[in-house]
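Below is final_38.cif, holding mmCIF, C-alpha atoms; chains and numbers go by the auth columns.
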data_coords
loop_
_atom_site.group_PDB
_atom_site.id
_atom_site.type_symbol
_atom_site.label_atom_id
_atom_site.label_comp_id
_atom_site.label_asym_id
_atom_site.label_seq_id
_atom_site.Cartn_x
_atom_site.Cartn_y
_atom_site.Cartn_z
_atom_site.B_iso_or_equiv
_atom_site.auth_seq_id
_atom_site.auth_asym_id
ATOM 1 C CA MET A 1 14.904 -65.894 -66.567 0.00 30 A
ATOM 2 C CA ALA A 2 15.815 -68.289 -63.790 0.00 31 A
ATOM 3 C CA THR A 3 19.303 -69.415 -62.903 0.00 32 A
ATOM 4 C CA ARG A 4 20.533 -72.093 -60.516 0.00 33 A
ATOM 5 C CA GLN A 5 22.929 -70.944 -57.886 0.00 34 A
ATOM 6 C CA GLU A 6 24.250 -73.001 -54.997 0.00 35 A
ATOM 7 C CA GLY A 7 21.246 -75.315 -55.253 0.00 36 A
ATOM 8 C CA LYS A 8 18.698 -72.478 -55.073 0.00 37 A
ATOM 9 C CA GLU A 9 16.491 -70.898 -57.740 0.00 38 A
ATOM 10 C CA ARG A 10 17.185 -67.245 -58.375 0.00 39 A
ATOM 11 C CA GLU A 11 14.498 -65.349 -60.278 0.00 40 A
ATOM 12 C CA GLY A 12 14.376 -62.046 -62.098 0.00 41 A
ATOM 13 C CA ILE A 13 17.932 -61.445 -63.325 0.00 42 A
ATOM 14 C CA THR A 14 17.717 -59.342 -66.461 0.00 43 A
ATOM 15 C CA ILE A 15 20.165 -58.992 -69.333 0.00 44 A
ATOM 16 C CA GLU A 16 20.605 -55.345 -68.335 0.00 45 A
ATOM 17 C CA GLU A 17 21.549 -56.332 -64.780 0.00 46 A
ATOM 18 C CA MET A 18 24.063 -58.874 -66.061 0.00 47 A
ATOM 19 C CA ALA A 19 25.551 -56.302 -68.456 0.00 48 A
ATOM 20 C CA GLU A 20 25.836 -53.793 -65.595 0.00 49 A
ATOM 21 C CA ALA A 21 27.568 -56.360 -63.352 0.00 50 A
ATOM 22 C CA ILE A 22 30.063 -57.247 -66.076 0.00 51 A
ATOM 23 C CA GLY A 23 30.653 -53.593 -66.956 0.00 52 A
ATOM 24 C CA SER A 24 31.228 -52.609 -63.337 0.00 53 A
ATOM 25 C CA ALA A 25 33.912 -55.291 -62.988 0.00 54 A
ATOM 26 C CA MET A 26 35.957 -53.792 -65.819 0.00 55 A
ATOM 27 C CA PRO A 27 38.273 -50.785 -65.501 0.00 56 A
ATOM 28 C CA GLN A 28 36.855 -47.442 -66.606 0.00 57 A
ATOM 29 C CA LEU A 29 38.696 -46.434 -69.774 0.00 58 A
ATOM 30 C CA ASP A 30 39.428 -42.937 -71.001 0.00 59 A
ATOM 31 C CA ALA A 31 39.333 -42.226 -74.765 0.00 60 A
ATOM 32 C CA THR A 32 43.000 -43.160 -75.245 0.00 61 A
ATOM 33 C CA GLU A 33 42.596 -46.425 -73.337 0.00 62 A
ATOM 34 C CA GLN A 34 39.501 -47.254 -75.380 0.00 63 A
ATOM 35 C CA ARG A 35 41.527 -46.823 -78.603 0.00 64 A
ATOM 36 C CA ILE A 36 44.294 -49.002 -77.160 0.00 65 A
ATOM 37 C CA ALA A 37 41.829 -51.736 -76.134 0.00 66 A
ATOM 38 C CA ILE A 38 40.114 -51.798 -79.543 0.00 67 A
ATOM 39 C CA GLY A 39 43.539 -51.791 -81.214 0.00 68 A
ATOM 40 C CA ILE A 40 44.567 -54.831 -79.174 0.00 69 A
ATOM 41 C CA TYR A 41 41.387 -56.687 -80.151 0.00 70 A
ATOM 42 C CA ARG A 42 41.922 -55.894 -83.841 0.00 71 A
ATOM 43 C CA LEU A 43 45.565 -56.982 -83.759 0.00 72 A
ATOM 44 C CA LEU A 44 44.894 -60.181 -81.772 0.00 73 A
ATOM 45 C CA ALA A 45 42.153 -61.054 -84.258 0.00 74 A
ATOM 46 C CA GLU A 46 44.993 -61.572 -86.751 0.00 75 A
ATOM 47 C CA GLY A 47 45.821 -64.700 -84.714 0.00 76 A
ATOM 48 C CA GLU A 48 49.360 -63.709 -83.692 0.00 77 A
ATOM 49 C CA ALA A 49 50.986 -62.368 -80.523 0.00 78 A
ATOM 50 C CA VAL A 50 51.102 -58.561 -80.500 0.00 79 A
ATOM 51 C CA SER A 51 53.974 -56.355 -79.340 0.00 80 A
ATOM 52 C CA SER A 52 53.494 -53.099 -77.442 0.00 81 A
ATOM 53 C CA GLU A 53 55.197 -51.360 -80.352 0.00 82 A
ATOM 54 C CA ALA A 54 52.612 -52.738 -82.806 0.00 83 A
ATOM 55 C CA ILE A 55 49.790 -51.631 -80.506 0.00 84 A
ATOM 56 C CA ALA A 56 51.347 -48.177 -80.177 0.00 85 A
ATOM 57 C CA HIS A 57 51.710 -47.863 -83.942 0.00 86 A
ATOM 58 C CA ALA A 58 48.165 -49.098 -84.646 0.00 87 A
ATOM 59 C CA THR A 59 46.619 -46.726 -82.094 0.00 88 A
ATOM 60 C CA ASN A 60 48.923 -43.732 -82.660 0.00 89 A
ATOM 61 C CA ASN A 61 50.121 -43.723 -79.047 0.00 90 A
ATOM 62 C CA PRO A 62 53.554 -43.727 -77.443 0.00 91 A
ATOM 63 C CA VAL A 63 54.813 -47.179 -76.430 0.00 92 A
ATOM 64 C CA GLY A 64 55.074 -45.963 -72.834 0.00 93 A
ATOM 65 C CA ARG A 65 51.363 -45.102 -72.764 0.00 94 A
ATOM 66 C CA VAL A 66 50.472 -48.519 -74.161 0.00 95 A
ATOM 67 C CA GLU A 67 52.675 -50.241 -71.563 0.00 96 A
ATOM 68 C CA GLU A 68 51.129 -48.146 -68.782 0.00 97 A
ATOM 69 C CA ALA A 69 47.648 -49.306 -69.826 0.00 98 A
ATOM 70 C CA LEU A 70 48.646 -52.949 -70.270 0.00 99 A
ATOM 71 C CA ASN A 71 50.364 -53.065 -66.884 0.00 100 A
ATOM 72 C CA SER A 72 47.378 -51.536 -65.087 0.00 101 A
ATOM 73 C CA TRP A 73 44.649 -53.722 -66.597 0.00 102 A
ATOM 74 C CA PRO A 74 43.557 -57.171 -65.417 0.00 103 A
ATOM 75 C CA GLY A 75 43.160 -59.937 -67.965 0.00 104 A
ATOM 76 C CA VAL A 76 46.233 -59.114 -70.076 0.00 105 A
ATOM 77 C CA TYR A 77 48.381 -62.160 -70.828 0.00 106 A
ATOM 78 C CA ARG A 78 51.820 -62.034 -72.408 0.00 107 A
ATOM 79 C CA ASP A 79 54.278 -64.528 -73.811 0.00 108 A
ATOM 80 C CA ASP A 80 57.951 -64.840 -72.828 0.00 109 A
ATOM 81 C CA GLU A 81 58.820 -61.997 -75.219 0.00 110 A
ATOM 82 C CA GLY A 82 56.314 -59.637 -73.583 0.00 111 A
ATOM 83 C CA ARG A 83 53.857 -59.736 -76.487 0.00 112 A
ATOM 84 C CA VAL A 84 50.135 -59.788 -75.744 0.00 113 A
ATOM 85 C CA VAL A 85 48.647 -63.239 -76.412 0.00 114 A
ATOM 86 C CA GLY A 86 45.389 -62.859 -74.478 0.00 115 A
ATOM 87 C CA PHE A 87 43.207 -59.864 -73.737 0.00 116 A
ATOM 88 C CA TRP A 88 39.717 -59.554 -72.253 0.00 117 A
ATOM 89 C CA GLY A 89 38.170 -62.584 -73.888 0.00 118 A
ATOM 90 C CA LEU A 90 40.359 -63.021 -76.981 0.00 119 A
ATOM 91 C CA SER A 91 43.450 -65.217 -77.331 0.00 120 A
ATOM 92 C CA THR A 92 45.927 -66.422 -79.904 0.00 121 A
ATOM 93 C CA ALA A 93 45.896 -69.916 -78.372 0.00 122 A
ATOM 94 C CA ALA A 94 43.120 -72.438 -77.876 0.00 123 A
ATOM 95 C CA LEU A 95 41.719 -72.874 -74.391 0.00 124 A
ATOM 96 C CA ASP A 96 39.552 -75.637 -72.992 0.00 125 A
ATOM 97 C CA PRO A 97 36.740 -75.555 -73.927 0.00 126 A
ATOM 98 C CA GLU A 98 37.734 -74.211 -77.329 0.00 127 A
ATOM 99 C CA TYR A 99 35.751 -71.338 -78.891 0.00 128 A
ATOM 100 C CA ARG A 100 37.408 -70.895 -82.264 0.00 129 A
ATOM 101 C CA PHE A 101 36.985 -67.600 -84.154 0.00 130 A
ATOM 102 C CA LEU A 102 37.549 -67.252 -87.865 0.00 131 A
ATOM 103 C CA ILE A 103 38.000 -63.592 -88.727 0.00 132 A
ATOM 104 C CA ASP A 104 39.071 -62.649 -92.262 0.00 133 A
ATOM 105 C CA SER A 105 40.371 -66.231 -92.710 0.00 134 A
ATOM 106 C CA LYS A 106 42.557 -65.914 -89.576 0.00 135 A
ATOM 107 C CA ARG A 107 42.061 -68.027 -86.458 0.00 136 A
ATOM 108 C CA SER A 108 41.906 -66.765 -82.886 0.00 137 A
ATOM 109 C CA TYR A 109 40.049 -67.969 -79.802 0.00 138 A
ATOM 110 C CA ALA A 110 37.508 -66.670 -77.314 0.00 139 A
ATOM 111 C CA TRP A 111 37.928 -67.392 -73.623 0.00 140 A
ATOM 112 C CA ARG A 112 34.262 -68.101 -72.918 0.00 141 A
ATOM 113 C CA ALA A 113 31.063 -68.542 -74.888 0.00 142 A
ATOM 114 C CA LEU A 114 29.859 -65.095 -73.756 0.00 143 A
ATOM 115 C CA ASP A 115 32.949 -63.480 -75.330 0.00 144 A
ATOM 116 C CA THR A 116 31.880 -64.791 -78.730 0.00 145 A
ATOM 117 C CA LEU A 117 28.862 -62.500 -78.623 0.00 146 A
ATOM 118 C CA PHE A 118 30.479 -59.111 -77.930 0.00 147 A
ATOM 119 C CA ILE A 119 33.937 -59.269 -79.533 0.00 148 A
ATOM 120 C CA PRO A 120 32.637 -59.357 -83.148 0.00 149 A
ATOM 121 C CA ALA A 121 30.735 -56.101 -82.547 0.00 150 A
ATOM 122 C CA LEU A 122 33.858 -54.457 -81.081 0.00 151 A
ATOM 123 C CA LEU A 123 35.841 -55.563 -84.118 0.00 152 A
ATOM 124 C CA GLY A 124 33.161 -54.473 -86.560 0.00 153 A
ATOM 125 C CA LYS A 125 33.732 -57.771 -88.343 0.00 154 A
ATOM 126 C CA ILE A 126 31.743 -60.802 -89.377 0.00 155 A
ATOM 127 C CA VAL A 127 33.068 -63.680 -87.287 0.00 156 A
ATOM 128 C CA GLY A 128 32.585 -67.382 -87.813 0.00 157 A
ATOM 129 C CA LEU A 129 32.578 -69.405 -84.613 0.00 158 A
ATOM 130 C CA ALA A 130 33.029 -73.129 -84.050 0.00 159 A
ATOM 131 C CA ALA A 131 32.908 -74.804 -80.666 0.00 160 A
ATOM 132 C CA ALA A 132 31.860 -77.966 -78.924 0.00 161 A
ATOM 133 C CA CYS A 133 29.299 -77.877 -76.147 0.00 162 A
ATOM 134 C CA PRO A 134 31.296 -78.467 -72.935 0.00 163 A
ATOM 135 C CA VAL A 135 28.463 -80.623 -71.554 0.00 164 A
ATOM 136 C CA THR A 136 27.360 -82.751 -74.528 0.00 165 A
ATOM 137 C CA GLY A 137 30.356 -82.404 -76.865 0.00 166 A
ATOM 138 C CA GLU A 138 27.952 -81.491 -79.686 0.00 167 A
ATOM 139 C CA ARG A 139 29.430 -79.213 -82.347 0.00 168 A
ATOM 140 C CA VAL A 140 28.046 -75.658 -82.326 0.00 169 A
ATOM 141 C CA SER A 141 28.659 -73.101 -85.049 0.00 170 A
ATOM 142 C CA MET A 142 27.365 -69.650 -85.865 0.00 171 A
ATOM 143 C CA VAL A 143 28.146 -66.373 -87.539 0.00 172 A
ATOM 144 C CA VAL A 144 28.219 -63.248 -85.360 0.00 173 A
ATOM 145 C CA ASP A 145 28.425 -59.606 -86.385 0.00 174 A
ATOM 146 C CA ARG A 146 27.331 -56.273 -84.921 0.00 175 A
ATOM 147 C CA ASN A 147 23.710 -57.183 -85.736 0.00 176 A
ATOM 148 C CA GLY A 148 23.744 -60.406 -83.726 0.00 177 A
ATOM 149 C CA VAL A 149 23.862 -64.147 -84.325 0.00 178 A
ATOM 150 C CA ARG A 150 22.860 -65.949 -87.511 0.00 179 A
ATOM 151 C CA ASP A 151 23.369 -69.374 -89.071 0.00 180 A
ATOM 152 C CA LEU A 152 23.262 -70.983 -85.608 0.00 181 A
ATOM 153 C CA GLU A 153 23.718 -74.757 -85.691 0.00 182 A
ATOM 154 C CA PRO A 154 22.075 -76.460 -83.923 0.00 183 A
ATOM 155 C CA SER A 155 19.298 -73.879 -84.016 0.00 184 A
ATOM 156 C CA GLY A 156 18.399 -74.346 -80.335 0.00 185 A
ATOM 157 C CA ALA A 157 21.909 -73.751 -78.928 0.00 186 A
ATOM 158 C CA VAL A 158 22.136 -71.341 -75.982 0.00 187 A
ATOM 159 C CA VAL A 159 24.844 -69.578 -73.980 0.00 188 A
ATOM 160 C CA SER A 160 24.669 -69.992 -70.218 0.00 189 A
ATOM 161 C CA MET A 161 26.301 -67.934 -67.515 0.00 190 A
ATOM 162 C CA VAL A 162 26.771 -68.438 -63.791 0.00 191 A
ATOM 163 C CA ILE A 163 25.292 -65.548 -61.806 0.00 192 A
ATOM 164 C CA THR A 164 27.030 -64.868 -58.496 0.00 193 A
ATOM 165 C CA ASP A 165 25.581 -63.290 -55.357 0.00 194 A
ATOM 166 C CA GLY A 166 28.560 -60.962 -55.004 0.00 195 A
ATOM 167 C CA PRO A 167 30.240 -58.551 -57.389 0.00 196 A
ATOM 168 C CA LEU A 168 32.107 -59.871 -60.409 0.00 197 A
ATOM 169 C CA VAL A 169 35.866 -59.588 -60.067 0.00 198 A
ATOM 170 C CA THR A 170 38.365 -59.541 -62.915 0.00 199 A
ATOM 171 C CA THR A 171 41.799 -61.076 -62.516 0.00 200 A
#

What's the structure tokens form of this structure?
Amino acid sequence: MATRQEGKEREGITIEEMAEAIGSAMPQLDATEQRIAIGIYRLLAEGEAVSSEAIAHATNNPVGRVEEALNSWPGVYRDDEGRVVGFWGLSTAALDPEYRFLIDSKRSYAWRALDTLFIPALLGKIVGLAAACPVTGERVSMVVDRNGVRDLEPSGAVVSMVITDGPLVTT
């Protein structure tokens, strides 16, 4: 696979290398933090802001432990009431460009096209996705589950990703 970077061709980047770069940019989670993170994804997939108390209840953890995790992780966005509205690729509000999820008839949004490919597997759900290509404006839709992508329209649609020379950094 070749990617363009700063006007130069870069050859030989594998999916495994990209996955490793993304994984190394994320915090290392213990078993409790993994349950909290999956709980947040499942609750946000309902399409509503999520309180720390709801996360604690859903994951069988004390509120203090949930708050400790939320406050230490990058990529956690809250509303004025302190509820989580965005978390590691999933949001209750549309962004630009818009990657709209439909999960169990409830709407939520992915941050980037790449997020649409891994979040359904984490949720263990079948997810319908609708988006517009940010370059052409053409409508793209697909169904994603833990087995991959199906019902892709148009059939030749692809996801692209910018590869950097340095390490990925989360904010």

How close does range 95-128 of chain A get to range 57-71 of chain A? List, as JSON lines, each residue of range 95-128 of chain A within 9 Å, its nearest atom pair and the distance in Å to one decimal, counting only C-alpha atoms.
{"residue": "A:Val95", "atom": "CA", "partner": "A:Ile65", "partner_atom": "CA", "distance": 6.9}
{"residue": "A:Ala98", "atom": "CA", "partner": "A:Glu62", "partner_atom": "CA", "distance": 6.8}
{"residue": "A:Val113", "atom": "CA", "partner": "A:Ile69", "partner_atom": "CA", "distance": 8.2}
{"residue": "A:Phe116", "atom": "CA", "partner": "A:Tyr70", "partner_atom": "CA", "distance": 7.4}
{"residue": "A:Trp117", "atom": "CA", "partner": "A:Tyr70", "partner_atom": "CA", "distance": 8.6}
{"residue": "A:Leu119", "atom": "CA", "partner": "A:Tyr70", "partner_atom": "CA", "distance": 7.2}

With C-alpha atoms retained, could you export that selection as a compact mmCIF listing (two decimals), in the frame of the given file?
# COMPACT_ATOMS: atom_id res chain seq x y z
CA VAL A 95 50.47 -48.52 -74.16
CA ALA A 98 47.65 -49.31 -69.83
CA VAL A 113 50.14 -59.79 -75.74
CA PHE A 116 43.21 -59.86 -73.74
CA TRP A 117 39.72 -59.55 -72.25
CA LEU A 119 40.36 -63.02 -76.98

*Out of A:Val169, A:Arg94, A:Met47, A:Arg107, which residue has the shortest atom-to-atom distance to Met190 in chain A when counting only C-alpha atoms?*
A:Met47

*Given the file above and the PyMOL selection byres ((chain A and resi 168) around 12), which residues are selected, and can you give them as a count of residues only?*
22

*Expanded to explicit residues, what is the PyMOL selection byres ((chain A and resi 150) around 12) for this file, as a PyMOL selection string?*
chain A and resi 67+70-71+144-149+151-156+172-178

_Please compute the CA of Pro103 in chain A-CA of Ile84 in chain A distance, one decimal, in Å._
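CA of Ile84 in chain A lies at a distance of 17.2 Å from CA of Pro103 in chain A.
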
Would you mind completing range 52-65 of chain A to N, CA and C atoms and writing the output as a CSV table (one decimal), in the coordinates of the input?
chain,number,residue,atom,x,y,z
A,52,GLY,N,30.0,-54.9,-66.7
A,52,GLY,CA,30.7,-53.6,-67.0
A,52,GLY,C,31.3,-53.0,-65.7
A,53,SER,N,30.7,-53.2,-64.6
A,53,SER,CA,31.2,-52.6,-63.3
A,53,SER,C,32.5,-53.3,-62.9
A,54,ALA,N,32.7,-54.5,-63.4
A,54,ALA,CA,33.9,-55.3,-63.0
A,54,ALA,C,35.1,-54.9,-63.8
A,55,MET,N,34.9,-54.2,-64.9
A,55,MET,CA,36.0,-53.8,-65.8
A,55,MET,C,36.5,-52.4,-65.4
A,56,PRO,N,37.7,-52.1,-65.8
A,56,PRO,CA,38.3,-50.8,-65.5
A,56,PRO,C,37.5,-49.7,-66.4
A,57,GLN,N,37.4,-48.5,-65.8
A,57,GLN,CA,36.9,-47.4,-66.6
A,57,GLN,C,38.0,-46.9,-67.5
A,58,LEU,N,37.7,-46.8,-68.8
A,58,LEU,CA,38.7,-46.4,-69.8
A,58,LEU,C,38.5,-45.0,-70.3
A,59,ASP,N,39.5,-44.2,-70.3
A,59,ASP,CA,39.4,-42.9,-71.0
A,59,ASP,C,39.5,-43.2,-72.5
A,60,ALA,N,39.4,-42.1,-73.3
A,60,ALA,CA,39.3,-42.2,-74.8
A,60,ALA,C,40.6,-42.9,-75.3
A,61,THR,N,41.8,-42.6,-74.8
A,61,THR,CA,43.0,-43.2,-75.2
A,61,THR,C,43.0,-44.6,-74.9
A,62,GLU,N,42.6,-45.0,-73.7
A,62,GLU,CA,42.6,-46.4,-73.3
A,62,GLU,C,41.6,-47.2,-74.2
A,63,GLN,N,40.5,-46.6,-74.5
A,63,GLN,CA,39.5,-47.3,-75.4
A,63,GLN,C,40.1,-47.6,-76.7
A,64,ARG,N,40.9,-46.6,-77.3
A,64,ARG,CA,41.5,-46.8,-78.6
A,64,ARG,C,42.6,-47.9,-78.5
A,65,ILE,N,43.3,-48.0,-77.4
A,65,ILE,CA,44.3,-49.0,-77.2
A,65,ILE,C,43.6,-50.4,-77.1
